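Text of target09.pdb (PDB, C-alpha atoms and all ligand atoms) as supplied:
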```pdb
ATOM      1  CA  MET H   1       2.578 -20.844  -6.764
ATOM      2  CA  GLY H   2       2.255 -20.262  -3.055
ATOM      3  CA  THR H   3       0.135 -18.072  -0.854
ATOM      4  CA  ALA H   4      -0.088 -14.268  -0.922
ATOM      5  CA  LEU H   5      -1.579 -12.282   1.956
ATOM      6  CA  VAL H   6      -2.925  -8.803   1.165
ATOM      7  CA  THR H   7      -4.046  -6.487   3.975
ATOM      8  CA  GLY H   8      -6.978  -4.115   3.482
ATOM      9  CA  ALA H   9      -7.955  -6.038   0.354
ATOM     10  CA  GLY H  10     -11.716  -5.739   0.762
ATOM     11  CA  ARG H  11     -11.793  -2.777  -1.584
ATOM     12  CA  GLY H  12      -9.695  -0.238  -3.497
ATOM     13  CA  ILE H  13      -6.053  -0.850  -4.362
ATOM     14  CA  GLY H  14      -5.824  -3.897  -2.090
ATOM     15  CA  ARG H  15      -8.683  -5.606  -3.870
ATOM     16  CA  ALA H  16      -7.067  -4.986  -7.268
ATOM     17  CA  ILE H  17      -3.815  -6.437  -5.893
ATOM     18  CA  ALA H  18      -5.695  -9.511  -4.642
ATOM     19  CA  ARG H  19      -7.274  -9.958  -8.096
ATOM     20  CA  ARG H  20      -3.940  -9.595  -9.875
ATOM     21  CA  LEU H  21      -2.056 -11.966  -7.557
ATOM     22  CA  ALA H  22      -4.850 -14.537  -7.913
ATOM     23  CA  ALA H  23      -4.534 -14.200 -11.706
ATOM     24  CA  ASP H  24      -0.772 -14.757 -11.266
ATOM     25  CA  GLY H  25      -1.618 -18.096  -9.629
ATOM     26  CA  PHE H  26      -1.324 -17.292  -5.917
ATOM     27  CA  SER H  27      -3.771 -18.533  -3.289
ATOM     28  CA  VAL H  28      -4.818 -15.195  -1.845
ATOM     29  CA  VAL H  29      -5.651 -14.423   1.778
ATOM     30  CA  ILE H  30      -7.626 -11.218   2.300
ATOM     31  CA  ALA H  31      -6.794  -9.727   5.723
ATOM     32  CA  GLU H  32      -9.392  -7.038   6.335
ATOM     33  CA  LEU H  33     -11.078  -5.049   9.073
ATOM     34  CA  ASP H  34     -14.455  -5.168   7.316
ATOM     35  CA  PRO H  35     -15.746  -8.767   7.256
ATOM     36  CA  ASP H  36     -18.338  -8.116   4.535
ATOM     37  CA  THR H  37     -15.982  -6.693   1.901
ATOM     38  CA  ALA H  38     -13.408  -9.327   2.891
ATOM     39  CA  ARG H  39     -15.863 -12.152   2.203
ATOM     40  CA  ASP H  40     -16.909 -10.571  -1.065
ATOM     41  CA  ALA H  41     -13.291 -10.095  -2.216
ATOM     42  CA  ALA H  42     -12.344 -13.642  -1.202
ATOM     43  CA  LYS H  43     -15.273 -14.980  -3.211
ATOM     44  CA  GLU H  44     -14.231 -12.933  -6.234
ATOM     45  CA  VAL H  45     -10.618 -14.170  -6.230
ATOM     46  CA  GLY H  46     -11.279 -17.713  -5.012
ATOM     47  CA  GLY H  47      -9.304 -16.970  -1.858
ATOM     48  CA  ARG H  48      -9.792 -16.888   1.896
ATOM     49  CA  ALA H  49     -11.022 -14.006   4.054
ATOM     50  CA  VAL H  50      -9.625 -13.338   7.503
ATOM     51  CA  ARG H  51     -11.075 -10.602   9.678
ATOM     52  CA  CYS H  52      -8.018  -8.869  11.085
ATOM     53  CA  ASP H  53      -7.250  -5.428  12.459
ATOM     54  CA  VAL H  54      -3.624  -5.097  11.413
ATOM     55  CA  THR H  55      -2.812  -3.068  14.535
ATOM     56  CA  ASP H  56      -3.925  -5.916  16.812
ATOM     57  CA  GLU H  57      -0.981  -8.208  17.618
ATOM     58  CA  ALA H  58      -3.213 -11.000  18.945
ATOM     59  CA  ALA H  59      -5.228 -10.967  15.708
ATOM     60  CA  ILE H  60      -2.012 -11.057  13.659
ATOM     61  CA  ASP H  61      -0.807 -13.994  15.747
ATOM     62  CA  ALA H  62      -4.032 -15.909  15.195
ATOM     63  CA  MET H  63      -3.914 -15.229  11.457
ATOM     64  CA  ALA H  64      -0.256 -16.290  11.240
ATOM     65  CA  GLY H  65      -1.127 -19.510  13.029
ATOM     66  CA  SER H  66      -3.755 -20.308  10.416
ATOM     67  CA  LEU H  67      -1.250 -20.191   7.528
ATOM     68  CA  ASP H  68       0.644 -23.242   6.293
ATOM     69  CA  ASP H  69       2.897 -21.292   3.946
ATOM     70  CA  LEU H  70       3.438 -17.748   2.679
ATOM     71  CA  GLN H  71       5.321 -16.426  -0.324
ATOM     72  CA  VAL H  72       4.131 -12.822  -0.494
ATOM     73  CA  LEU H  73       2.930 -10.251   2.053
ATOM     74  CA  VAL H  74       1.428  -7.013   0.759
ATOM     75  CA  ASN H  75       1.055  -4.350   3.466
ATOM     76  CA  ASN H  76      -1.662  -2.317   1.770
ATOM     77  CA  ALA H  77      -4.070  -1.412   4.593
ATOM     78  CA  GLY H  78      -3.733   2.286   5.257
ATOM     79  CA  ILE H  79      -5.761   5.249   6.434
ATOM     80  CA  TYR H  80      -5.658   8.880   5.349
ATOM     81  CA  PRO H  81      -7.916  11.060   7.512
ATOM     82  CA  PHE H  82      -7.746  14.698   6.474
ATOM     83  CA  GLY H  83      -6.873  17.511   8.875
ATOM     84  CA  LYS H  84      -4.265  20.143   9.635
ATOM     85  CA  LEU H  85      -1.501  19.377  12.130
ATOM     86  CA  ALA H  86      -2.688  22.273  14.278
ATOM     87  CA  ASP H  87      -6.171  20.759  14.587
ATOM     88  CA  ILE H  88      -5.918  16.972  14.721
ATOM     89  CA  SER H  89      -5.848  15.152  18.043
ATOM     90  CA  THR H  90      -2.737  13.418  19.317
ATOM     91  CA  ASP H  91      -4.668  10.147  19.298
ATOM     92  CA  GLU H  92      -5.499  10.538  15.623
ATOM     93  CA  PHE H  93      -1.856  11.246  14.762
ATOM     94  CA  ARG H  94      -0.858   8.099  16.658
ATOM     95  CA  ARG H  95      -3.609   5.995  15.046
ATOM     96  CA  VAL H  96      -2.360   6.827  11.521
ATOM     97  CA  LEU H  97       1.167   5.812  12.508
ATOM     98  CA  GLU H  98      -0.168   2.592  14.084
ATOM     99  CA  VAL H  99      -2.005   1.498  10.919
ATOM    100  CA  ASN H 100       0.409   2.822   8.289
ATOM    101  CA  VAL H 101       3.805   2.076   9.870
ATOM    102  CA  VAL H 102       3.644  -0.038  13.021
ATOM    103  CA  ALA H 103       1.302  -2.652  11.518
ATOM    104  CA  PRO H 104       3.557  -3.389   8.507
ATOM    105  CA  LEU H 105       6.430  -3.996  10.952
ATOM    106  CA  LEU H 106       4.302  -6.296  13.156
ATOM    107  CA  LEU H 107       3.123  -8.304  10.152
ATOM    108  CA  SER H 108       6.548  -8.487   8.509
ATOM    109  CA  ARG H 109       8.226  -9.658  11.710
ATOM    110  CA  ARG H 110       5.571 -12.207  12.637
ATOM    111  CA  LEU H 111       5.322 -13.656   9.132
ATOM    112  CA  LEU H 112       9.057 -13.611   8.358
ATOM    113  CA  PRO H 113       9.680 -17.312   9.210
ATOM    114  CA  LEU H 114       6.949 -18.421   6.791
ATOM    115  CA  LEU H 115       8.161 -16.024   4.084
ATOM    116  CA  ALA H 116      11.762 -17.150   4.560
ATOM    117  CA  ALA H 117      10.720 -20.797   4.182
ATOM    118  CA  SER H 118       9.074 -20.121   0.819
ATOM    119  CA  PRO H 119      10.941 -22.212  -1.792
ATOM    120  CA  SER H 120      11.048 -19.443  -4.409
ATOM    121  CA  GLY H 121      12.011 -16.703  -1.924
ATOM    122  CA  GLY H 122       9.573 -14.570   0.030
ATOM    123  CA  ALA H 123       8.661 -10.993  -0.823
ATOM    124  CA  VAL H 124       7.108  -8.149   1.147
ATOM    125  CA  VAL H 125       5.577  -5.249  -0.765
ATOM    126  CA  ASN H 126       4.618  -2.153   1.221
ATOM    127  CA  ILE H 127       2.151   0.314  -0.275
ATOM    128  CA  ALA H 128       3.623   3.745   0.450
ATOM    129  CA  SER H 129       2.579   6.965  -1.303
ATOM    130  CA  LEU H 130       3.819   9.978  -3.230
ATOM    131  CA  ALA H 131       3.126  11.725   0.113
ATOM    132  CA  ALA H 132       6.271  10.008   1.442
ATOM    133  CA  LYS H 133       8.356  12.193  -0.855
ATOM    134  CA  ALA H 134       6.169  15.281  -1.091
ATOM    135  CA  ALA H 135       4.798  16.432   2.278
ATOM    136  CA  THR H 136       1.092  16.965   1.672
ATOM    137  CA  PRO H 137      -0.582  19.763   3.684
ATOM    138  CA  GLY H 138      -3.964  18.924   5.172
ATOM    139  CA  THR H 139      -3.407  15.185   5.494
ATOM    140  CA  GLY H 140      -2.376  15.062   9.149
ATOM    141  CA  ALA H 141       0.061  12.267   9.969
ATOM    142  CA  TYR H 142      -0.192  10.721   6.511
ATOM    143  CA  SER H 143       3.026  12.089   4.949
ATOM    144  CA  PRO H 144       5.173  11.341   8.008
ATOM    145  CA  SER H 145       3.647   7.851   8.190
ATOM    146  CA  LYS H 146       4.402   7.014   4.554
ATOM    147  CA  ALA H 147       7.910   8.508   4.751
ATOM    148  CA  ALA H 148       8.486   6.252   7.761
ATOM    149  CA  LEU H 149       7.090   3.283   5.824
ATOM    150  CA  VAL H 150       9.611   3.895   3.036
ATOM    151  CA  SER H 151      12.403   4.030   5.600
ATOM    152  CA  LEU H 152      11.078   0.900   7.315
ATOM    153  CA  THR H 153      11.073  -0.902   3.959
ATOM    154  CA  LYS H 154      14.754  -0.098   3.451
ATOM    155  CA  LEU H 155      15.704  -1.050   7.011
ATOM    156  CA  CYS H 156      13.830  -4.371   6.788
ATOM    157  CA  ALA H 157      15.553  -5.061   3.453
ATOM    158  CA  LEU H 158      18.924  -4.755   5.190
ATOM    159  CA  GLU H 159      18.224  -6.292   8.592
ATOM    160  CA  PHE H 160      16.281  -9.254   7.164
ATOM    161  CA  ALA H 161      18.415  -9.735   4.036
ATOM    162  CA  ASP H 162      19.929 -12.944   5.382
ATOM    163  CA  SER H 163      16.444 -14.486   5.501
ATOM    164  CA  GLY H 164      16.299 -14.203   1.712
ATOM    165  CA  VAL H 165      13.057 -12.205   1.960
ATOM    166  CA  ARG H 166      12.988  -9.085  -0.228
ATOM    167  CA  PHE H 167      11.309  -5.845   0.906
ATOM    168  CA  ASN H 168      10.198  -3.191  -1.587
ATOM    169  CA  ALA H 169       7.655  -0.383  -1.659
ATOM    170  CA  VAL H 170       5.241   0.792  -4.320
ATOM    171  CA  ALA H 171       4.306   4.464  -3.945
ATOM    172  CA  PRO H 172       1.140   5.513  -5.782
ATOM    173  CA  GLY H 173       0.253   9.115  -6.654
ATOM    174  CA  GLY H 174      -3.494   9.758  -6.901
ATOM    175  CA  VAL H 175      -5.614   6.618  -7.330
ATOM    176  CA  ARG H 176      -9.356   6.391  -7.853
ATOM    177  CA  THR H 177     -10.692   4.156  -5.038
ATOM    178  CA  GLU H 178     -13.649   3.996  -2.667
ATOM    179  CA  GLY H 179     -11.451   5.865  -0.166
ATOM    180  CA  THR H 180     -10.789   8.775  -2.548
ATOM    181  CA  ALA H 181     -14.232   8.829  -4.213
ATOM    182  CA  GLY H 182     -15.050  12.126  -2.461
ATOM    183  CA  VAL H 183     -11.916  13.763  -3.875
ATOM    184  CA  SER H 184     -12.732  12.667  -7.449
ATOM    185  CA  ALA H 185     -16.458  13.469  -7.250
ATOM    186  CA  ASP H 186     -16.190  17.077  -8.456
ATOM    187  CA  ALA H 187     -15.679  16.722 -12.238
ATOM    188  CA  GLU H 188     -14.089  20.150 -12.729
ATOM    189  CA  ARG H 189     -11.651  19.646  -9.884
ATOM    190  CA  GLU H 190     -10.831  16.185 -11.201
ATOM    191  CA  ALA H 191     -10.134  17.585 -14.683
ATOM    192  CA  ARG H 192      -7.751  20.155 -13.157
ATOM    193  CA  PHE H 193      -5.973  17.369 -11.270
ATOM    194  CA  ASN H 194      -5.693  15.214 -14.384
ATOM    195  CA  ALA H 195      -4.218  18.136 -16.318
ATOM    196  CA  LEU H 196      -1.395  18.357 -13.773
ATOM    197  CA  VAL H 197      -0.441  14.677 -14.095
ATOM    198  CA  PRO H 198       2.194  14.230 -16.834
ATOM    199  CA  LEU H 199       0.448  11.046 -18.001
ATOM    200  CA  GLY H 200      -2.860  12.909 -17.974
ATOM    201  CA  ARG H 201      -5.007  10.967 -15.536
ATOM    202  CA  ARG H 202      -5.505   9.719 -11.999
ATOM    203  CA  ALA H 203      -4.375   6.077 -11.597
ATOM    204  CA  LEU H 204      -6.756   3.152 -11.463
ATOM    205  CA  PRO H 205      -6.128   0.445  -8.834
ATOM    206  CA  ASP H 206      -4.937  -1.973 -11.552
ATOM    207  CA  ASP H 207      -2.091   0.443 -12.449
ATOM    208  CA  ILE H 208      -0.725  -0.155  -8.953
ATOM    209  CA  ALA H 209      -1.554  -3.867  -8.754
ATOM    210  CA  ASP H 210       0.446  -4.648 -11.912
ATOM    211  CA  VAL H 211       3.607  -3.193 -10.329
ATOM    212  CA  VAL H 212       2.995  -5.052  -7.062
ATOM    213  CA  SER H 213       2.808  -8.231  -9.153
ATOM    214  CA  PHE H 214       6.339  -7.510 -10.433
ATOM    215  CA  PHE H 215       7.756  -7.077  -6.918
ATOM    216  CA  ALA H 216       5.945 -10.262  -5.837
ATOM    217  CA  SER H 217       7.405 -12.286  -8.706
ATOM    218  CA  PRO H 218      10.864 -13.784  -9.259
ATOM    219  CA  ASP H 219      11.373 -11.202 -12.039
ATOM    220  CA  SER H 220      12.398  -8.813  -9.232
ATOM    221  CA  ARG H 221      14.595 -11.428  -7.492
ATOM    222  CA  TYR H 222      17.641  -9.115  -7.321
ATOM    223  CA  ILE H 223      15.773  -6.022  -6.064
ATOM    224  CA  THR H 224      15.352  -5.195  -2.395
ATOM    225  CA  GLY H 225      15.001  -1.973  -0.402
ATOM    226  CA  GLN H 226      13.618   0.003  -3.341
ATOM    227  CA  VAL H 227      10.654   2.333  -3.668
ATOM    228  CA  LEU H 228       8.954   2.701  -7.027
ATOM    229  CA  TYR H 229       6.744   5.762  -7.550
ATOM    230  CA  VAL H 230       3.747   4.779  -9.655
ATOM    231  CA  ASP H 231       2.374   8.276 -10.077
ATOM    232  CA  GLY H 232       2.089   9.090 -13.781
ATOM    233  CA  GLY H 233       5.170  11.309 -13.452
ATOM    234  CA  LEU H 234       3.724  13.582 -10.730
ATOM    235  CA  SER H 235       6.784  13.347  -8.484
ATOM    236  CA  GLU H 236       9.003  14.740 -11.257
ATOM    237  CA  ALA H 237       6.652  17.530 -12.312
ATOM    238  CA  THR H 238       7.841  20.428 -10.141
ATOM    239  CA  ILE H 239       9.305  22.408 -13.047
ATOM    240  CA  PRO H 240       6.250  21.965 -15.328
ATOM    241  CA  PHE H 241       4.071  23.124 -12.390
ATOM    242  CA  LEU H 242       6.223  26.243 -11.964
ATOM    243  CA  GLN H 243       6.211  26.903 -15.727
ATOM    244  CA  ALA H 244       2.412  26.566 -15.788
ATOM    245  CA  ALA H 245       2.121  28.927 -12.809
ATOM    246  CA  GLN H 246       4.355  31.481 -14.570
ATOM    247  CA  ARG H 247       2.167  31.232 -17.686
ATOM    248  CA  GLY H 248      -0.837  31.803 -15.425
ATOM    249  CA  ALA H 249      -2.330  28.425 -16.395
TER     250      ALA H 249
HETATM  251  N1  LIG S 301      -6.067   6.004  -3.175
HETATM  252  C1  LIG S 301      -4.971   6.764  -3.341
HETATM  253  O1  LIG S 301      -4.994   7.812  -4.026
HETATM  254  C2  LIG S 301      -3.676   6.347  -2.690
HETATM  255  C3  LIG S 301      -2.509   7.044  -3.033
HETATM  256  C4  LIG S 301      -1.292   6.669  -2.457
HETATM  257  C5  LIG S 301      -1.255   5.618  -1.558
HETATM  258  N2  LIG S 301      -2.400   4.965  -1.224
HETATM  259  C6  LIG S 301      -2.293   3.874  -0.246
HETATM  260  O2  LIG S 301      -2.829   2.690  -0.805
HETATM  261  C7  LIG S 301      -3.429   1.898   0.237
HETATM  262  C8  LIG S 301      -4.868   1.588  -0.140
HETATM  263  O3  LIG S 301      -5.569   2.804  -0.389
HETATM  264  P1  LIG S 301      -7.087   2.801  -0.903
HETATM  265  O4  LIG S 301      -7.351   4.135  -1.483
HETATM  266  O5  LIG S 301      -7.366   1.579  -1.688
HETATM  267  O6  LIG S 301      -7.850   2.735   0.519
HETATM  268  P2  LIG S 301      -9.372   2.415   0.863
HETATM  269  O7  LIG S 301      -9.729   3.283   2.007
HETATM  270  O8  LIG S 301     -10.241   2.451  -0.355
HETATM  271  O9  LIG S 301      -9.272   0.884   1.369
HETATM  272  C9  LIG S 301      -8.480   0.577   2.481
HETATM  273  C10 LIG S 301      -8.888  -0.765   3.041
HETATM  274  O10 LIG S 301      -8.069  -1.016   4.189
HETATM  275  C11 LIG S 301      -8.889  -1.526   5.237
HETATM  276  N3  LIG S 301      -8.309  -1.183   6.533
HETATM  277  C12 LIG S 301      -8.186   0.055   7.103
HETATM  278  N4  LIG S 301      -7.661  -0.047   8.324
HETATM  279  C13 LIG S 301      -7.422  -1.365   8.541
HETATM  280  C14 LIG S 301      -6.903  -2.102   9.638
HETATM  281  N5  LIG S 301      -6.532  -1.494  10.779
HETATM  282  N6  LIG S 301      -6.798  -3.453   9.527
HETATM  283  C15 LIG S 301      -7.184  -4.076   8.377
HETATM  284  N7  LIG S 301      -7.694  -3.441   7.316
HETATM  285  C16 LIG S 301      -7.834  -2.087   7.405
HETATM  286  C17 LIG S 301     -10.235  -0.825   5.047
HETATM  287  O11 LIG S 301     -11.284  -1.556   5.671
HETATM  288  C18 LIG S 301     -10.345  -0.794   3.519
HETATM  289  O12 LIG S 301     -10.973  -1.955   3.007
HETATM  290  C19 LIG S 301      -3.279   2.703   1.526
HETATM  291  O13 LIG S 301      -2.115   2.287   2.212
HETATM  292  C20 LIG S 301      -3.100   4.125   1.021
HETATM  293  O14 LIG S 301      -2.407   4.941   1.938
HETATM  294  C21 LIG S 301      -3.605   5.301  -1.761
END
```

Would you kindly transcribe this structure into structure tokens?
Amino acid sequence: MGTALVTGAGRGIGRAIARRLAADGFSVVIAELDPDTARDAAKEVGGRAVRCDVTDEAAIDAMAGSLDDLQVLVNNAGIYPFGKLADISTDEFRRVLEVNVVAPLLLSRRLLPLLAASPSGGAVVNIASLAAKAATPGTGAYSPSKAALVSLTKLCALEFADSGVRFNAVAPGGVRTEGTAGVSADAEREARFNALVPLGRRALPDDIADVVSFFASPDSRYITGQVLYVDGGLSEATIPFLQAAQRGA
């Protein structure tokens, strides 16, 4: 097995992905803004920590230069500051796009030669969101950023197809992580959320990591440009929601 680089893997979904890819046999590089969680995660998975702001091209360059080989890139780092479009600053809107969309392009482009040279075929997995499909009020630039990330995934799949590198996206619904701890903290609210999910619960980070493992592996060798919603059925639940509303539930 070769090397897998996971961005934002100090905690949350990224950390679960790092654990799973290490269990799959990859040497894992944790590319993270927070040096403390990065070190901790690297220790846990027997990998290497690199402090890197994924929006910083010089930092990406330095990190790329430190790699001998790369089989898998997981663009997981993402931010989701809350706020209504009418209220958020232009800078904040731009910052979300920088982290969630521009950074995956910068990393994919810079690391493409290494990925393309991987003997078993390189793979890029972008972590999108249900918000890409269902515009989510109160989350600022988040929905537009994830919709753009899905589109970027498809465009990369086509434009870089001749490199042999595959590009796919995994789109989680609600996942319990450090970043969403505040949302899950209210037990009654959480129970109401869980009742709306066809599979009856918010996802755990491992639910997402297991699907990323599939897209990182040769089992998905003939799949590129796809987005897989890992959301417990939420994205298909419009009619049950309407039926519940009509029943007054
Ligand atoms: N948690 C959910 O419910 C959920 C749902 C759908 C999609 N997602 C997506 O999954 C991904 C991970 O979400 P999470 O809940 O685990 O997040 P989180 O906030 O718990 O962790 C994100 C990690 O990314 C790192 N990070 C942030 N900006 C960075 C930057 N510029 N450079 C490098 N690292 C940076 C943070 O330091 C942090 O360790 C994100 O892309 C998010 O949009 C999450």

Checklist line | Counting all atoms listed in the file, the option among H:Leu112, H:Ile88, H:Ile127, H:Ala62 closest to Ala9 of chain H | finding: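 Using all atoms listed in the file, Ala9 of chain H sits closest to H:Ile127.
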
Margin query: Could you tell me how far atom CA of Thr153 of chain H sits from atom CA of Ala209 of chain H, in Å to one decimal place?
Written below: 18.2 Å

Margin query: Suppose a student applies the PyMOL selection byres (((chain H and resi 192-195) around 12) and not hetatm) to this structure; what residues should they get, written as a ChimeraX atom specification?
Written below: /H:173-176,183-191,196-203,231-234,237,240-241,244,249

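Shortest separation to ligand LIG 301 (chain S) among H:Ile13, H:Ala4, H:Leu85, H:Val29 occurs at residue H:Ile13, atoms counted being all atoms listed in the file.
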
Check: When the cut-off is 6 Å and you count only C-alpha atoms and all ligand atoms, which residues lie near ligand LIG 301 (chain S), shown as a PyMOL selection string?
Finding: chain H and resi 7-14+32-34+52-55+76-79+99+127-129+172-180

Next item on the list: Carefully work through the PyMOL selection byres (((chain H and resi 138) around 9) and not hetatm) for this structure and note down the residues it includes, as a ChimeraX atom specification.
Entry: /H:82-85,136-137,139-140

Checklist line | atom CA of Asn100 of chain H to atom CA of Leu228 of chain H, distance in Å rounded to a single decimal | finding: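 Computing it gives 17.5 Å between the two atoms.
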
Check: Which distance in Å separates atom CA of Ala116 of chain H and atom CA of Gly164 of chain H, to one decimal?
Finding: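 Between atom CA of Ala116 of chain H and atom CA of Gly164 of chain H the gap works out to 6.1 Å.
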
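Comparing H:Ser89, H:Ser27, H:Gln71, H:Gln226 by their smallest distance to Ala169 of chain H, the closest is H:Gln226 (using all atoms listed in the file).
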
Check: Which of these, H:Pro81, H:Gly182, H:Gly47, H:Gly65, has the shortest distance to Leu111 of chain H once you count all atoms listed in the file?
Finding: H:Gly65
